[in-house]
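**Student:** I'd like to ask you about the structure that follows.
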Amino acid sequence: TIATAGWRRSPALHFIPGYGWYRSSYCRVRSRYLVTGLFRKLHLVNQESLKMDEDYFAVEHTRTKKKNIFDDDVTEDAVRNLIKTSIVDNDDISFADHFDPGPEAPVSQRSHLPAPDLSSLATPASKTRPSVGHETKGLSSSATFGGASRAMEFGQFGHNRSHSLTIGSDLSVAASSPRLPDMQFSSSSASLQSIDKVAAATPQRYGQFSSSSTSLQSIDKVDVEKMQQEIQSLKRSLLSARKDRWMKQPVEDTLRRILKGETFSLEMYKSLADKLALLDHAIRLHDGNAIMTAVLFLQKTVTRHIFTRELVQRPAAANHYLDYLKAHYDYPEYINTLILLGRTEEAAICKFQLALPTSDAAVKVSKLKDCLRSHFQADPALCNDASLVQEYVDLLERQRPIDESDAGLEASGRSALFKDFPRKCSLIDMSVVTTLYYCCLYHYDLGENSLASPAALRKRHQISDKQFTWTAIGARAKLRQWKDIETILTTKGWFGSTKLKAPIGFDKVVAILHRNGAPPDILQKYLGMIDNLEHRLNWAKKVSCQIAVIDALVALKKRAELEQLAAKLDRYSKEGLYAFDVLNTSTIKWK
């Protein structure tokens, strides 16, 4: 703007540090008018910037109570008092700290002073400096008015404050720096020469104007150096890893890396001896991860025969390998390894356990038959277990058609038995005793040629008399079939005679009948079969069968207890009449 204003260049130019080149004829003007006039000239360039500046200072004056010392309504005395009493922030700087305004004209004469013409004061700072013999070392471009345009940008302060004396951090001087001496601007050129000498003698003071950019450059330099050091470290680690990959490390170093969780390579262990040495050393360290690493490496790099042979000689490694396979659900390999190690029983049990969770009865039967053929029947040591597995297969093959037939019969509703006593669950996969109870409950009358016959089931699975008696009596008592219970307990004696015999004892029979709500006459009948009189008396009292109690007291010849019992009974009830008749009998010899 100054350049386009038509300023004429003159050979009599002088450089003012921090301001630029000016004619000597105008240096008589006091510094206050010089700076103020220049800023006003710049202020008139952009009216919009002026409005923004006035709005900002209005708000700032209200908020912080600060004043601009170059306002028209501020006198010299007010400026001096303001400098002494106010606190200047880091963004502002008072020219009173560096320059003495010199003698002032009286206030009455100020209005008569003509406004200085600034159109020919100086050339732009961007112009080439004429050779006038003045040195300006230590000054950056930002310290001149030519560099003041950078301080007027919005990015420096967040607003345009360039039109006031506060022109940015580029023109601010640290509080700790030495203060410039007070100088008077006169008509002579010696004043300008003294300013140049001061600037040349103290270049460090003005070097602070570009300290922000220098600090940023130093920070960037430090970051770049750190990144370069880190890159070099990573390169060295990568080169070391590449070098170690193709070198066979000692077994101890490799295992140390495995234990610490560091990177390691087993590719260079080519011979069987090196692989076995690695495995043996890992076993001596008793570390499961190291052992499994060596075992898996051996398993991948040698034949099956060699691997099995070496694994048999090292039980600890074999156990770790088997646990690894089981944990990873690799059951086919687990079973094959057990067979190769000679542990056939464990292999058979594992195969049997894998077949049990199958829900489909047909698939389960197929798996059990395969397990029976390949493991139990193939090993003579497992012949006893093979018979048990075969019985289990037979039981499943019996249960499946029975369950399907009864399910259809129950669904059709044609059987009254299934209506009165509906099935609670499926028969498949139930135990032998449960299957016997089911058959005695729903299919008691079937012959031995039927799959659902209790007798056929008893014969095939070799159910004992006690198991059969207990189960059959419970099933028939639930249906209140007392005659079937008598048939179960009847056995043949000598010369074709019959008698009642209970393999489980008549006391257990009485307990089952009482639990299923048998009438007193049925209980009395089987209570009389108990041989021990005291035991009979106790069971009679438990099931509250009074006639059986009276008979037991008569057999024990305890008249006193019988009289006490008769006193508690109703005189004309069946039990009361029976008790008094016994007491009145003279053929009994009482104690």
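In the structure tokens, each chain is lettered A, B, ... as it comes, each chain's residues begin at 1, and ligands are numbered from 1 in order of appearance.
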Using only C-alpha atoms, determine which residues lie at most 8 Å from stretch 313-325 of chain A, disregarding the query and same-chain residues fewer than 3 positions distant; provide the list as a list in words.

**Tutor:**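 Residues near the query, excluding close chain neighbours: Ile283, Gly288, Ile291, Met292, Val295, Arg309, Glu310, His328, Tyr329, Asp330, Tyr331, Glu333, Tyr334 and Thr337 of chain A.
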
**Student:** In Å, with one decimal, what is the gap from atom CA of A:Gln546 to atom CA of A:Gly517?

**Tutor:** 16.1 Å

**Student:** Using only C-alpha atoms, which residues sit within 12 Å of stretch 507-516 of chain A once same-chain residues fewer than 2 positions away are excluded, as an MDAnalysis selection string?

**Tutor:** chainID A and resid 466 469:482 485:486 488:489 500:505 518:533 535:545

**Student:** So, with only C-alpha atoms as the atoms that count, which of A:Asp429, A:Gly408, A:Gln299, A:Arg80 lies closest to A:Leu356?

**Tutor:**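 Comparing A:Asp429, A:Gly408, A:Gln299, A:Arg80 against A:Leu356, the winner is A:Asp429.
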
**Student:** Just the number, please: distance in Å from atom CA of A:Leu451 to atom CA of A:Leu436, one decimal.

**Tutor:**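 Value for the atom CA of A:Leu451-atom CA of A:Leu436 distance: 11.3 Å.
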
**Student:** Between atom CA of A:Arg400 and atom CA of A:Thr435, measure the distance and give it in Å to one decimal.

**Tutor:**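 These atoms are spaced 11.3 Å apart.
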
**Student:** A:Lys589, A:Arg460, A:Lys221, A:Lys275: which is nearest A:Lys248, counting only C-alpha atoms?

**Tutor:** A:Lys275

**Student:** Neighbouring residues of A:Ile428 were defined as those with any atom within 12 Å, considering only C-alpha atoms; residues of the same chain fewer than 3 positions away were excluded. Please report them as a PyMOL selection string.

**Tutor:** chain A and resi 358-362+364-365+392-404+406-407+425+431-432+434-435+438

**Student:** Write a file of the selected residues as a tab-separated table (two decimals), in the first residue's frame, keeping N, CA, C and O atoms.

**Tutor:**
```
chain	number	residue	atom	x	y	z
A	358	THR	N	-25.03	-89.84	22.01
A	358	THR	CA	-25.85	-89.82	20.79
A	358	THR	C	-27.32	-89.97	21.16
A	358	THR	O	-27.70	-90.87	21.91
A	359	SER	N	-28.14	-89.08	20.64
A	359	SER	CA	-29.57	-89.08	20.99
A	359	SER	C	-30.36	-90.11	20.17
A	359	SER	O	-31.33	-90.69	20.67
A	360	ASP	N	-29.98	-90.33	18.94
A	360	ASP	CA	-30.68	-91.29	18.09
A	360	ASP	C	-30.31	-92.71	18.51
A	360	ASP	O	-29.12	-93.07	18.54
A	361	ALA	N	-31.32	-93.52	18.84
A	361	ALA	CA	-31.06	-94.87	19.33
A	361	ALA	C	-30.40	-95.74	18.26
A	361	ALA	O	-29.49	-96.52	18.56
A	362	ALA	N	-30.82	-95.61	17.02
A	362	ALA	CA	-30.25	-96.43	15.95
A	362	ALA	C	-28.78	-96.09	15.73
A	362	ALA	O	-27.93	-96.98	15.58
A	364	LYS	N	-26.77	-94.72	17.93
A	364	LYS	CA	-26.03	-95.14	19.11
A	364	LYS	C	-25.74	-96.63	19.07
A	364	LYS	O	-24.62	-97.07	19.41
A	365	VAL	N	-26.71	-97.44	18.66
A	365	VAL	CA	-26.49	-98.88	18.56
A	365	VAL	C	-25.39	-99.19	17.56
A	365	VAL	O	-24.53	-100.04	17.79
A	392	TYR	N	-25.76	-104.18	26.86
A	392	TYR	CA	-26.28	-102.82	26.69
A	392	TYR	C	-26.84	-102.62	25.28
A	392	TYR	O	-27.90	-102.00	25.08
A	393	VAL	N	-26.14	-103.18	24.30
A	393	VAL	CA	-26.63	-103.10	22.92
A	393	VAL	C	-27.95	-103.85	22.78
A	393	VAL	O	-28.90	-103.36	22.14
A	394	ASP	N	-28.04	-105.03	23.40
A	394	ASP	CA	-29.29	-105.80	23.35
A	394	ASP	C	-30.44	-105.06	24.02
A	394	ASP	O	-31.59	-105.12	23.55
A	395	LEU	N	-30.14	-104.40	25.13
A	395	LEU	CA	-31.18	-103.65	25.83
A	395	LEU	C	-31.71	-102.51	24.96
A	395	LEU	O	-32.92	-102.28	24.90
A	396	LEU	N	-30.81	-101.79	24.29
A	396	LEU	CA	-31.25	-100.71	23.40
A	396	LEU	C	-32.08	-101.25	22.24
A	396	LEU	O	-33.08	-100.65	21.84
A	397	GLU	N	-31.67	-102.39	21.71
A	397	GLU	CA	-32.44	-102.99	20.61
A	397	GLU	C	-33.79	-103.49	21.08
A	397	GLU	O	-34.73	-103.57	20.28
A	398	ARG	N	-33.95	-103.83	22.37
A	398	ARG	CA	-35.25	-104.22	22.92
A	398	ARG	C	-36.11	-103.00	23.22
A	398	ARG	O	-37.33	-103.02	23.02
A	399	GLN	N	-35.49	-101.95	23.76
A	399	GLN	CA	-36.25	-100.79	24.18
A	399	GLN	C	-36.84	-100.01	23.00
A	399	GLN	O	-37.95	-99.49	23.10
A	400	ARG	N	-36.10	-99.94	21.91
A	400	ARG	CA	-36.54	-99.11	20.80
A	400	ARG	C	-37.88	-99.56	20.21
A	400	ARG	O	-38.81	-98.74	20.08
A	401	PRO	N	-38.11	-100.83	19.88
A	401	PRO	CA	-39.43	-101.21	19.35
A	401	PRO	C	-40.54	-101.13	20.38
A	401	PRO	O	-41.69	-100.80	20.04
A	402	ILE	N	-40.23	-101.43	21.66
A	402	ILE	CA	-41.26	-101.33	22.70
A	402	ILE	C	-41.73	-99.89	22.84
A	402	ILE	O	-42.93	-99.60	22.94
A	403	ASP	N	-40.78	-98.97	22.86
A	403	ASP	CA	-41.13	-97.57	23.04
A	403	ASP	C	-41.93	-97.05	21.85
A	403	ASP	O	-42.92	-96.31	22.04
A	404	GLU	N	-41.55	-97.42	20.66
A	404	GLU	CA	-42.29	-96.96	19.49
A	404	GLU	C	-43.71	-97.51	19.47
A	404	GLU	O	-44.67	-96.79	19.15
A	406	ASP	N	-45.59	-98.60	22.14
A	406	ASP	CA	-46.40	-98.02	23.22
A	406	ASP	C	-46.71	-96.55	22.97
A	406	ASP	O	-47.78	-96.07	23.37
A	407	ALA	N	-45.79	-95.83	22.34
A	407	ALA	CA	-46.07	-94.43	22.03
A	407	ALA	C	-47.25	-94.31	21.06
A	407	ALA	O	-48.12	-93.45	21.22
A	425	CYS	N	-42.09	-90.73	30.55
A	425	CYS	CA	-40.95	-90.43	29.67
A	425	CYS	C	-40.74	-91.61	28.73
A	425	CYS	O	-41.41	-92.64	28.84
A	431	SER	N	-32.36	-97.89	32.42
A	431	SER	CA	-31.61	-99.02	32.96
A	431	SER	C	-32.42	-100.31	32.85
A	431	SER	O	-33.61	-100.32	32.50
A	432	VAL	N	-31.78	-101.44	33.18
A	432	VAL	CA	-32.45	-102.74	33.08
A	432	VAL	C	-33.58	-102.84	34.09
A	432	VAL	O	-34.69	-103.32	33.77
A	434	THR	N	-35.29	-100.38	35.49
A	434	THR	CA	-36.38	-99.49	35.08
A	434	THR	C	-37.17	-100.10	33.93
A	434	THR	O	-38.41	-100.00	33.88
A	435	THR	N	-36.46	-100.74	33.01
A	435	THR	CA	-37.15	-101.41	31.89
A	435	THR	C	-38.00	-102.57	32.40
A	435	THR	O	-39.13	-102.80	31.91
A	438	TYR	N	-41.13	-101.14	33.91
A	438	TYR	CA	-42.02	-100.71	32.84
A	438	TYR	C	-42.76	-101.91	32.24
A	438	TYR	O	-43.99	-101.85	32.00
```

**Student:** With only C-alpha atoms as the counted atoms, please give the residues lying no more than 9 Å from A:Leu372, apart from itself and same-chain residues fewer than 3 positions off, as a ChimeraX atom specification.

**Tutor:** /A:348,352,367-369,375-378,386,389-390

**Student:** From the options A:Leu276, A:Leu427, A:Ala560, A:Ile588, which residue's atoms come nearest to A:Val302, counting only C-alpha atoms?

**Tutor:**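 Looking only at the distances to A:Val302, the closest residue turns out to be A:Leu276.
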